[in-house]
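Q: Structure file query_8.cif (mmCIF, C-alpha atoms and all ligand atoms) is given on the next line.
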data_final
loop_
_atom_site.group_PDB
_atom_site.id
_atom_site.type_symbol
_atom_site.label_atom_id
_atom_site.label_comp_id
_atom_site.auth_asym_id
_atom_site.auth_seq_id
_atom_site.Cartn_x
_atom_site.Cartn_y
_atom_site.Cartn_z
ATOM 1 C CA MET A 1312 -0.411 0.970 -2.778
ATOM 2 C CA LYS A 1313 -1.685 4.020 -0.951
ATOM 3 C CA VAL A 1314 -0.785 5.309 2.506
ATOM 4 C CA LEU A 1315 -2.237 7.949 4.797
ATOM 5 C CA ILE A 1316 0.215 9.989 6.867
ATOM 6 C CA ILE A 1317 -1.134 11.912 9.864
ATOM 7 C CA GLU A 1318 1.652 13.976 11.419
ATOM 8 C CA ASP A 1319 1.511 17.609 12.538
ATOM 9 C CA GLU A 1320 5.221 18.449 12.714
ATOM 10 C CA PRO A 1321 5.904 20.002 9.291
ATOM 11 C CA ASP A 1322 9.472 18.677 8.896
ATOM 12 C CA ILE A 1323 8.595 15.128 9.892
ATOM 13 C CA ASN A 1324 5.442 15.246 7.768
ATOM 14 C CA ARG A 1325 7.428 16.347 4.727
ATOM 15 C CA GLN A 1326 10.133 13.757 5.347
ATOM 16 C CA LEU A 1327 7.538 10.964 5.514
ATOM 17 C CA VAL A 1328 5.573 12.157 2.476
ATOM 18 C CA ASP A 1329 8.732 12.518 0.365
ATOM 19 C CA ALA A 1330 10.061 9.099 1.381
ATOM 20 C CA PHE A 1331 6.787 7.288 0.646
ATOM 21 C CA LYS A 1332 6.372 9.055 -2.708
ATOM 22 C CA GLU A 1333 9.963 8.176 -3.549
ATOM 23 C CA ALA A 1334 9.076 4.549 -2.726
ATOM 24 C CA ASN A 1335 6.210 4.708 -5.307
ATOM 25 C CA TYR A 1336 3.269 4.965 -2.905
ATOM 26 C CA ALA A 1337 0.282 7.203 -3.475
ATOM 27 C CA VAL A 1338 0.228 9.444 -0.395
ATOM 28 C CA ASP A 1339 -2.578 11.354 1.314
ATOM 29 C CA THR A 1340 -1.579 13.468 4.283
ATOM 30 C CA THR A 1341 -2.875 15.855 6.917
ATOM 31 C CA LYS A 1342 -1.494 17.635 9.976
ATOM 32 C CA ASP A 1343 -4.858 17.671 11.742
ATOM 33 C CA GLY A 1344 -6.310 14.896 13.897
ATOM 34 C CA GLU A 1345 -9.959 15.380 12.981
ATOM 35 C CA GLU A 1346 -9.265 15.503 9.264
ATOM 36 C CA GLY A 1347 -7.026 12.464 9.626
ATOM 37 C CA GLU A 1348 -9.759 10.539 11.392
ATOM 38 C CA TYR A 1349 -12.194 11.413 8.608
ATOM 39 C CA LEU A 1350 -9.767 10.397 5.856
ATOM 40 C CA GLY A 1351 -9.073 7.069 7.560
ATOM 41 C CA GLU A 1352 -12.812 6.382 7.836
ATOM 42 C CA THR A 1353 -13.736 7.330 4.303
ATOM 43 C CA GLY A 1354 -10.617 6.646 2.242
ATOM 44 C CA THR A 1355 -9.089 3.364 1.126
ATOM 45 C CA TYR A 1356 -5.539 2.915 2.368
ATOM 46 C CA ASP A 1357 -3.118 0.022 2.454
ATOM 47 C CA ALA A 1358 -1.548 1.419 5.643
ATOM 48 C CA VAL A 1359 -1.582 4.462 7.922
ATOM 49 C CA VAL A 1360 1.269 6.250 9.715
ATOM 50 C CA LEU A 1361 -0.288 7.923 12.751
ATOM 51 C CA ASP A 1362 1.366 10.403 15.096
ATOM 52 C CA LEU A 1363 -0.106 10.402 18.618
ATOM 53 C CA GLY A 1364 0.132 14.072 19.666
ATOM 54 C CA LEU A 1365 -2.035 15.921 17.145
ATOM 55 C CA PRO A 1366 -4.131 19.104 17.055
ATOM 56 C CA GLY A 1367 -7.881 18.477 16.739
ATOM 57 C CA LYS A 1368 -7.914 14.911 18.025
ATOM 58 C CA ASP A 1369 -5.157 12.748 19.510
ATOM 59 C CA GLY A 1370 -3.883 9.628 17.781
ATOM 60 C CA ILE A 1371 -5.068 7.147 20.412
ATOM 61 C CA SER A 1372 -8.669 8.459 20.226
ATOM 62 C CA ILE A 1373 -8.558 8.338 16.418
ATOM 63 C CA LEU A 1374 -7.299 4.753 16.502
ATOM 64 C CA LYS A 1375 -9.930 3.630 19.012
ATOM 65 C CA SER A 1376 -12.678 5.236 16.962
ATOM 66 C CA TRP A 1377 -11.495 3.582 13.718
ATOM 67 C CA ARG A 1378 -11.277 0.153 15.323
ATOM 68 C CA GLU A 1379 -14.717 0.517 16.939
ATOM 69 C CA GLN A 1380 -16.121 1.273 13.491
ATOM 70 C CA GLY A 1381 -14.407 -1.756 12.010
ATOM 71 C CA VAL A 1382 -11.703 0.099 10.052
ATOM 72 C CA ALA A 1383 -9.125 -2.684 9.741
ATOM 73 C CA THR A 1384 -6.358 -0.815 7.866
ATOM 74 C CA PRO A 1385 -2.876 -1.590 9.282
ATOM 75 C CA VAL A 1386 -1.715 1.324 11.466
ATOM 76 C CA LEU A 1387 1.827 2.187 12.509
ATOM 77 C CA ILE A 1388 1.994 4.711 15.341
ATOM 78 C CA LEU A 1389 4.789 7.185 15.995
ATOM 79 C CA THR A 1390 5.525 7.241 19.719
ATOM 80 C CA ALA A 1391 7.740 9.299 22.001
ATOM 81 C CA ARG A 1392 11.153 7.786 22.566
ATOM 82 C CA GLY A 1393 11.362 5.556 25.632
ATOM 83 C CA SER A 1394 7.665 5.781 26.445
ATOM 84 C CA TRP A 1395 6.805 2.098 26.847
ATOM 85 C CA SER A 1396 3.376 2.992 28.261
ATOM 86 C CA GLU A 1397 2.505 4.890 25.073
ATOM 87 C CA LYS A 1398 3.500 1.858 22.982
ATOM 88 C CA VAL A 1399 1.388 -0.488 25.116
ATOM 89 C CA LEU A 1400 -1.603 1.861 25.039
ATOM 90 C CA GLY A 1401 -1.218 2.272 21.270
ATOM 91 C CA ILE A 1402 -1.071 -1.450 20.568
ATOM 92 C CA ASP A 1403 -3.961 -2.152 22.933
ATOM 93 C CA SER A 1404 -5.941 0.551 21.120
ATOM 94 C CA GLY A 1405 -5.509 -1.245 17.788
ATOM 95 C CA ALA A 1406 -2.097 -0.233 16.407
ATOM 96 C CA ASP A 1407 -0.279 -2.947 14.453
ATOM 97 C CA ASP A 1408 3.219 -1.620 15.008
ATOM 98 C CA TYR A 1409 5.100 1.422 16.286
ATOM 99 C CA VAL A 1410 8.273 3.396 15.654
ATOM 100 C CA ALA A 1411 9.702 5.688 18.329
ATOM 101 C CA LYS A 1412 10.737 9.248 17.481
ATOM 102 C CA PRO A 1413 13.282 10.228 16.358
ATOM 103 C CA PHE A 1414 13.265 7.493 13.742
ATOM 104 C CA GLN A 1415 15.226 6.431 10.713
ATOM 105 C CA ILE A 1416 12.944 6.757 7.708
ATOM 106 C CA GLU A 1417 14.152 3.379 6.383
ATOM 107 C CA GLU A 1418 12.709 1.703 9.470
ATOM 108 C CA VAL A 1419 9.296 3.304 8.942
ATOM 109 C CA LEU A 1420 9.307 2.200 5.277
ATOM 110 C CA ALA A 1421 10.361 -1.356 6.168
ATOM 111 C CA ARG A 1422 7.711 -1.709 8.865
ATOM 112 C CA ILE A 1423 4.992 -0.417 6.514
ATOM 113 C CA ARG A 1424 6.123 -2.856 3.796
ATOM 114 C CA ALA A 1425 5.835 -5.676 6.333
ATOM 115 C CA LEU A 1426 2.357 -4.555 7.491
ATOM 116 C CA VAL A 1427 1.112 -4.306 3.898
ATOM 117 C CA ARG A 1428 2.408 -7.719 2.863
ATOM 118 C CA ARG A 1429 1.167 -9.409 6.041
ATOM 119 C CA ALA A 1430 -2.282 -7.863 5.552
ATOM 120 C CA ALA A 1431 -2.300 -9.412 2.059
ATOM 121 C CA GLY A 1432 -1.094 -12.781 3.406
ATOM 122 C CA HIS A 1433 2.509 -12.704 2.149
ATOM 123 C CA THR A 1434 5.534 -13.670 4.195
ATOM 124 C CA THR A 1435 8.453 -12.474 2.085
ATOM 125 C CA ALA A 1436 9.617 -9.117 0.717
ATOM 126 C CA GLU A 1437 9.846 -10.572 -2.790
ATOM 127 C CA LEU A 1438 6.605 -11.242 -4.654
ATOM 128 C CA VAL A 1439 6.750 -13.790 -7.460
ATOM 129 C CA CYS A 1440 4.397 -14.728 -10.286
ATOM 130 C CA GLY A 1441 5.882 -17.114 -12.835
ATOM 131 C CA PRO A 1442 8.891 -15.365 -14.448
ATOM 132 C CA LEU A 1443 7.928 -12.047 -12.821
ATOM 133 C CA ARG A 1444 9.592 -10.935 -9.594
ATOM 134 C CA LEU A 1445 8.980 -7.774 -7.604
ATOM 135 C CA ASP A 1446 11.354 -6.911 -4.792
ATOM 136 C CA THR A 1447 9.329 -4.618 -2.528
ATOM 137 C CA LYS A 1448 12.469 -3.611 -0.625
ATOM 138 C CA GLY A 1449 14.340 -2.161 -3.567
ATOM 139 C CA ALA A 1450 11.230 -1.535 -5.722
ATOM 140 C CA ARG A 1451 12.836 -3.664 -8.444
ATOM 141 C CA VAL A 1452 10.920 -5.643 -11.043
ATOM 142 C CA THR A 1453 12.421 -8.371 -13.216
ATOM 143 C CA VAL A 1454 11.064 -10.780 -15.816
ATOM 144 C CA ASP A 1455 13.232 -13.888 -16.266
ATOM 145 C CA GLY A 1456 15.934 -11.993 -14.386
ATOM 146 C CA ASN A 1457 15.858 -8.980 -16.721
ATOM 147 C CA PRO A 1458 15.092 -5.656 -15.022
ATOM 148 C CA ILE A 1459 11.962 -3.809 -16.164
ATOM 149 C CA LYS A 1460 11.725 -0.049 -15.818
ATOM 150 C CA LEU A 1461 8.330 1.113 -14.597
ATOM 151 C CA THR A 1462 6.862 4.510 -13.774
ATOM 152 C CA SER A 1463 5.732 5.092 -10.201
ATOM 153 C CA LEU A 1464 2.096 4.451 -11.120
ATOM 154 C CA GLU A 1465 2.877 1.316 -13.121
ATOM 155 C CA TYR A 1466 4.916 -0.006 -10.193
ATOM 156 C CA ARG A 1467 2.040 0.725 -7.813
ATOM 157 C CA LEU A 1468 -0.395 -1.080 -10.094
ATOM 158 C CA LEU A 1469 1.831 -4.137 -10.463
ATOM 159 C CA SER A 1470 2.619 -4.214 -6.760
ATOM 160 C CA TYR A 1471 -1.084 -4.091 -5.901
ATOM 161 C CA LEU A 1472 -1.934 -6.889 -8.350
ATOM 162 C CA LEU A 1473 0.960 -9.014 -7.055
ATOM 163 C CA HIS A 1474 -0.046 -8.489 -3.430
ATOM 164 C CA HIS A 1475 -3.495 -9.738 -4.433
ATOM 165 C CA LYS A 1476 -2.342 -12.430 -6.880
ATOM 166 C CA GLY A 1477 -4.993 -14.910 -7.994
ATOM 167 C CA ARG A 1478 -7.899 -12.661 -7.031
ATOM 168 C CA VAL A 1479 -10.004 -10.523 -9.369
ATOM 169 C CA VAL A 1480 -9.385 -6.858 -8.601
ATOM 170 C CA SER A 1481 -11.986 -4.403 -9.869
ATOM 171 C CA ARG A 1482 -11.156 -1.153 -11.639
ATOM 172 C CA THR A 1483 -12.775 0.801 -8.807
ATOM 173 C CA GLU A 1484 -10.553 -0.958 -6.281
ATOM 174 C CA LEU A 1485 -7.481 -0.121 -8.361
ATOM 175 C CA VAL A 1486 -8.499 3.532 -8.638
ATOM 176 C CA GLU A 1487 -8.915 3.674 -4.846
ATOM 177 C CA HIS A 1488 -5.513 2.141 -4.148
ATOM 178 C CA LEU A 1489 -3.472 3.879 -6.837
ATOM 179 C CA TYR A 1490 -4.580 7.494 -6.909
ATOM 180 C CA GLU A 1491 -4.200 10.221 -4.334
ATOM 181 C CA GLN A 1492 -7.219 11.964 -2.852
ATOM 182 C CA ASP A 1493 -7.012 15.101 -5.028
ATOM 183 C CA PHE A 1494 -6.160 13.225 -8.218
ATOM 184 C CA ASP A 1495 -8.613 13.579 -11.094
ATOM 185 C CA ARG A 1496 -10.006 10.048 -10.998
ATOM 186 C CA ASP A 1497 -11.095 8.484 -14.200
ATOM 187 C CA SER A 1498 -11.323 4.741 -13.973
ATOM 188 C CA ASN A 1499 -10.945 4.446 -17.765
ATOM 189 C CA THR A 1500 -7.305 5.391 -17.444
ATOM 190 C CA ILE A 1501 -6.729 2.176 -15.492
ATOM 191 C CA GLU A 1502 -7.142 0.278 -18.770
ATOM 192 C CA VAL A 1503 -4.471 2.443 -20.347
ATOM 193 C CA PHE A 1504 -2.060 1.722 -17.483
ATOM 194 C CA VAL A 1505 -2.772 -1.990 -17.549
ATOM 195 C CA GLY A 1506 -2.094 -1.953 -21.302
ATOM 196 C CA ARG A 1507 1.267 -0.228 -20.805
ATOM 197 C CA LEU A 1508 2.193 -2.561 -17.985
ATOM 198 C CA ARG A 1509 1.364 -5.642 -20.085
ATOM 199 C CA LYS A 1510 3.548 -4.310 -22.882
ATOM 200 C CA LYS A 1511 6.462 -3.684 -20.525
ATOM 201 C CA ILE A 1512 6.407 -7.024 -18.722
ATOM 202 C CA ASN A 1513 5.730 -8.736 -22.069
ATOM 203 C CA VAL A 1514 4.466 -11.993 -20.541
ATOM 204 C CA ASP A 1515 0.829 -12.938 -20.444
ATOM 205 C CA LEU A 1516 0.088 -12.734 -16.718
ATOM 206 C CA ILE A 1517 -2.594 -10.054 -16.306
ATOM 207 C CA ARG A 1518 -5.953 -11.459 -17.264
ATOM 208 C CA THR A 1519 -8.947 -9.223 -18.043
ATOM 209 C CA VAL A 1520 -12.066 -10.566 -16.390
ATOM 210 C CA ARG A 1521 -14.897 -9.072 -18.403
ATOM 211 C CA GLY A 1522 -17.130 -6.751 -16.441
ATOM 212 C CA LEU A 1523 -15.206 -7.439 -13.227
ATOM 213 C CA GLY A 1524 -11.630 -6.258 -13.533
ATOM 214 C CA TYR A 1525 -8.190 -7.833 -13.650
ATOM 215 C CA SER A 1526 -6.467 -10.811 -12.182
ATOM 216 C CA LEU A 1527 -2.768 -11.584 -12.021
ATOM 217 C CA ASP A 1528 -2.495 -15.352 -12.269
ATOM 218 C CA ASP A 1529 0.443 -17.627 -11.647
ATOM 219 C CA PRO A 1530 0.923 -19.625 -14.888
ATOM 220 C CA GLU A 1531 1.863 -22.799 -12.972
ATOM 221 C CA GLU A 1532 -1.204 -22.590 -10.755
ATOM 222 C CA ALA A 1533 -3.403 -21.950 -13.795
ATOM 223 C CA ASN A 1534 -1.928 -24.969 -15.621
ATOM 224 C CA LYS A 1535 -2.400 -27.110 -12.543
ATOM 225 C CA GLU A 1536 -6.036 -26.070 -12.268
ATOM 226 C CA ARG A 1537 -6.564 -26.903 -15.918
ATOM 227 C CA ALA A 1538 -4.931 -30.314 -15.420
ATOM 228 C CA ASP A 1539 -7.029 -30.955 -12.306
ATOM 229 C CA ALA A 1540 -10.175 -29.979 -14.173
ATOM 230 C CA LYS A 1541 -9.366 -32.517 -16.904
ATOM 231 C CA ALA A 1542 -8.595 -35.313 -14.449
HETATM 232 CA CA CA B 1 2.838 15.591 17.061
#
Rewrite the structure from the file as structure tokens, please.
Ligand code: CA

A:
Amino acid sequence: MKVLIIEDEPDINRQLVDAFKEANYAVDTTKDGEEGEYLGETGTYDAVVLDLGLPGKDGISILKSWREQGVATPVLILTARGSWSEKVLGIDSGADDYVAKPFQIEEVLARIRALVRRAAGHTTAELVCGPLRLDTKGARVTVDGNPIKLTSLEYRLLSYLLHHKGRVVSRTELVEHLYEQDFDRDSNTIEVFVGRLRKKINVDLIRTVRGLGYSLDDPEEANKERADAKA
């Protein structure tokens, strides 16, 4: 999962970046409105945290421009405390949610988790695939109830595959959603990470679809499909 944070106040920017990195997200960030607009147009993000008062270009104009161009990424805006008109304008301009400043970082993280899972069509904070469970709230992964220790990147990879369970995800798509903007991208390394992840979860859930990518399949669903195909 990758987020874009556009916030010009250095302390708040740092607080957000640190918290999202701590929560295993890949994070791109800028303090400038114009650069932020460009990143949102050209990058691939699972969600955006957008401040409204920014140098270069204000948040509402950025949001309107993205939505006019069909950028559908979930956006959470940071509004001034008590300014209901700013919230209304933000939502009418295409924001999916808001948090008023000053905020508790936990609230921002929880709202982004909700936006990301809703965008992927999930209703609960826990994602399940057969014996595998991922609790997005506590970033915990278990197989048959036993905790599995993953690196930040492995967690990101698994979380992305679980959010998009049952669908083939290409290597390019994974590279776009797992690595930060200035990371040396080499899509071959995805295979290495998938290999490590398979070894750690030690159940056969991640299928390689030759020439296309990977798919995380629910064993029960797969069995059912096989049974249906026979019948
Ligand atoms: Ca600001």

Q: Counting only C-alpha atoms and all ligand atoms, what are the residues, protein, DNA or RNA alike, that approach ligand CA 1 (chain B) to within 8 Å? I want them as a PyMOL selection string.

A: chain A and resi 1318-1320+1362-1366

Q: If I wrap all listed atoms of range 1396-1403 of chain A in a box with edges along x, y and z and add 4 Å on each side, what are its centre and edge lengths in Å to one decimal, as AutoDock Vina command-line options?

A:
--center_x -0.2 --center_y 1.4 --center_z 24.4 --size_x 15.5 --size_y 15.0 --size_z 15.7

Q: For a quick check of understanding, using only C-alpha atoms, which of A:Lys1541, A:Gly1441, A:Asp1495, A:Arg1482 has the smallest distance to Val1514 in chain A?

A: A:Gly1441

Q: Once the PyMOL selection byres (((chain A and resi 1511) around 12) and not hetatm) has been applied to the shown file, what residues remain in the selection, as a PyMOL selection string?

A: chain A and resi 1443+1452-1454+1457-1462+1465-1466+1469+1504-1510+1512-1517

Q: I'd like to know which of A:Asp1357, A:Glu1352, A:Asp1339, A:Glu1437 is closest to Trp1377 in chain A, using all atoms listed in the file.

A: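 Residue with the minimum atom-to-atom distance to Trp1377 in chain A: A:Glu1352.
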
Q: Assuming the chain letters and numbering stay as they are in my file, what does the PyMOL selection byres (((chain A and resi 1483-1486) around 12) and not hetatm) actually select? List them as a PyMOL selection string.

A: chain A and resi 1312-1313+1337+1354-1357+1464-1465+1467-1472+1475+1479-1482+1487-1492+1494-1502+1504-1505+1522-1526

Q: Distance cut-off 8 Å, centre (10.4, 4.9, 2.3) in file coordinates, counting all atoms listed in the file: which residues qualify? Return them as a PyMOL selection string.

A: chain A and resi 1327+1330-1334+1416-1417+1419-1421

Q: Closest to Ile1317 in chain A among A:Glu1345, A:Val1360, A:Ala1538, A:Tyr1336, using all atoms listed in the file?

A: A:Val1360

Q: How would you write, as a VMD selection string, the residues chosen by the PyMOL selection byres (((chain A and resi 1389) around 8) and not hetatm) on this structure?

A: chain A and resid 1360 to 1363 1387 to 1388 1390 to 1391 1409 to 1412

Q: Measuring atom to atom with all atoms listed in the file, identify which of A:Glu1531, A:Val1520, A:Glu1536, A:Asn1335 is nearest to Ser1463 in chain A.

A: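 Selected residue with least distance to Ser1463 in chain A: A:Asn1335.
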
Q: Using only C-alpha atoms, pick whichever of A:Ala1431, A:Val1359, A:Leu1438, A:Ile1316 has the shortest atom-to-atom distance to Asp1408 in chain A.

A: A:Val1359

Q: Can you measure CA of Ala1358 in chain A to CA of Val1314 in chain A for me? One decimal in Å is fine.

A: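 Computing the Euclidean distance for CA of Ala1358 in chain A and CA of Val1314 in chain A yields 5.1 Å.
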
Q: Using only C-alpha atoms for the distances, tell me which of A:Asn1534, A:Thr1340, A:Thr1384, A:Ser1404 is nearest to Ile1371 in chain A.

A: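 The answer is A:Ser1404, which sits nearest to Ile1371 in chain A.
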
Q: Would you compute the distance between CA of Asp1528 in chain A and CA of Gly1477 in chain A? Give it in Å to one decimal.

A: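 The value is 5.0 Å.
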
Q: Might you pull out every residue within 7 Å of Arg1428 in chain A, with all atoms listed in the file counted and same-chain residues fewer than 5 positions away left off, and present them as a list in words?

A: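 Counting all atoms listed in the file, the residues come to His1433, Thr1434 and His1474 of chain A.
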
Q: How far is it from CA of Glu1397 in chain A to CA of Ala1430 in chain A, in Å with one decimal?

A: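 Taking CA of Glu1397 in chain A as the start and CA of Ala1430 in chain A as the end point, the length is 23.8 Å.
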
Q: Atoms are missing here; could range 1451-1461 of chain A be completed with all heavy atoms and written as a short mmCIF file (atom, residue, chain, number, x, y, z; two decimals), keeping the file's coordinate frame?

A:
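Resulting contents of selection.cif:
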data_model
loop_
_atom_site.label_atom_id
_atom_site.label_comp_id
_atom_site.auth_asym_id
_atom_site.auth_seq_id
_atom_site.Cartn_x
_atom_site.Cartn_y
_atom_site.Cartn_z
N ARG A 1451 12.30 -3.17 -7.18
CA ARG A 1451 12.84 -3.66 -8.44
C ARG A 1451 11.92 -4.73 -9.04
O ARG A 1451 11.41 -5.58 -8.30
CB ARG A 1451 14.23 -4.27 -8.23
CG ARG A 1451 15.35 -3.24 -8.33
CD ARG A 1451 16.70 -3.94 -8.26
NE ARG A 1451 16.86 -4.66 -7.03
CZ ARG A 1451 17.41 -4.16 -5.92
NH1 ARG A 1451 17.83 -2.92 -5.91
NH2 ARG A 1451 17.51 -4.88 -4.82
N VAL A 1452 11.75 -4.66 -10.36
CA VAL A 1452 10.92 -5.64 -11.04
C VAL A 1452 11.77 -6.32 -12.11
O VAL A 1452 12.48 -5.65 -12.87
CB VAL A 1452 9.70 -4.96 -11.70
CG1 VAL A 1452 8.88 -5.97 -12.49
CG2 VAL A 1452 8.83 -4.28 -10.64
N THR A 1453 11.71 -7.65 -12.16
CA THR A 1453 12.42 -8.37 -13.22
C THR A 1453 11.49 -9.40 -13.85
O THR A 1453 10.56 -9.90 -13.20
CB THR A 1453 13.66 -9.12 -12.68
OG1 THR A 1453 13.26 -10.04 -11.65
CG2 THR A 1453 14.72 -8.17 -12.12
N VAL A 1454 11.73 -9.68 -15.12
CA VAL A 1454 11.06 -10.78 -15.82
C VAL A 1454 12.16 -11.69 -16.35
O VAL A 1454 13.04 -11.23 -17.09
CB VAL A 1454 10.17 -10.28 -16.97
CG1 VAL A 1454 9.58 -11.46 -17.74
CG2 VAL A 1454 9.04 -9.41 -16.43
N ASP A 1455 12.16 -12.95 -15.93
CA ASP A 1455 13.23 -13.89 -16.27
C ASP A 1455 14.60 -13.31 -15.92
O ASP A 1455 15.57 -13.49 -16.66
CB ASP A 1455 13.19 -14.25 -17.76
CG ASP A 1455 12.06 -15.22 -18.06
OD1 ASP A 1455 11.77 -16.08 -17.21
OD2 ASP A 1455 11.45 -15.09 -19.14
N GLY A 1456 14.66 -12.56 -14.84
CA GLY A 1456 15.93 -11.99 -14.39
C GLY A 1456 16.31 -10.67 -15.03
O GLY A 1456 17.26 -10.02 -14.62
N ASN A 1457 15.55 -10.26 -16.06
CA ASN A 1457 15.86 -8.98 -16.72
C ASN A 1457 15.08 -7.84 -16.08
O ASN A 1457 13.85 -7.92 -15.97
CB ASN A 1457 15.49 -9.05 -18.21
CG ASN A 1457 16.21 -10.16 -18.92
OD1 ASN A 1457 17.43 -10.30 -18.81
ND2 ASN A 1457 15.46 -11.00 -19.62
N PRO A 1458 15.79 -6.77 -15.67
CA PRO A 1458 15.09 -5.66 -15.02
C PRO A 1458 14.13 -4.93 -15.96
O PRO A 1458 14.41 -4.76 -17.14
CB PRO A 1458 16.23 -4.73 -14.58
CG PRO A 1458 17.46 -5.21 -15.24
CD PRO A 1458 17.23 -6.59 -15.74
N ILE A 1459 12.98 -4.55 -15.41
CA ILE A 1459 11.96 -3.81 -16.16
C ILE A 1459 11.83 -2.43 -15.52
O ILE A 1459 11.71 -2.33 -14.30
CB ILE A 1459 10.59 -4.52 -16.07
CG1 ILE A 1459 10.69 -5.98 -16.50
CG2 ILE A 1459 9.54 -3.78 -16.87
CD1 ILE A 1459 10.90 -6.21 -17.96
N LYS A 1460 11.84 -1.40 -16.35
CA LYS A 1460 11.72 -0.05 -15.82
C LYS A 1460 10.25 0.39 -15.85
O LYS A 1460 9.64 0.40 -16.91
CB LYS A 1460 12.57 0.90 -16.66
CG LYS A 1460 13.33 1.90 -15.82
CD LYS A 1460 14.32 2.68 -16.67
CE LYS A 1460 14.35 4.15 -16.33
NZ LYS A 1460 14.31 4.54 -14.94
N LEU A 1461 9.73 0.71 -14.69
CA LEU A 1461 8.33 1.11 -14.60
C LEU A 1461 8.22 2.52 -14.03
O LEU A 1461 9.05 2.93 -13.23
CB LEU A 1461 7.56 0.15 -13.69
CG LEU A 1461 7.51 -1.33 -14.09
CD1 LEU A 1461 6.76 -2.12 -13.02
CD2 LEU A 1461 6.85 -1.52 -15.44
#
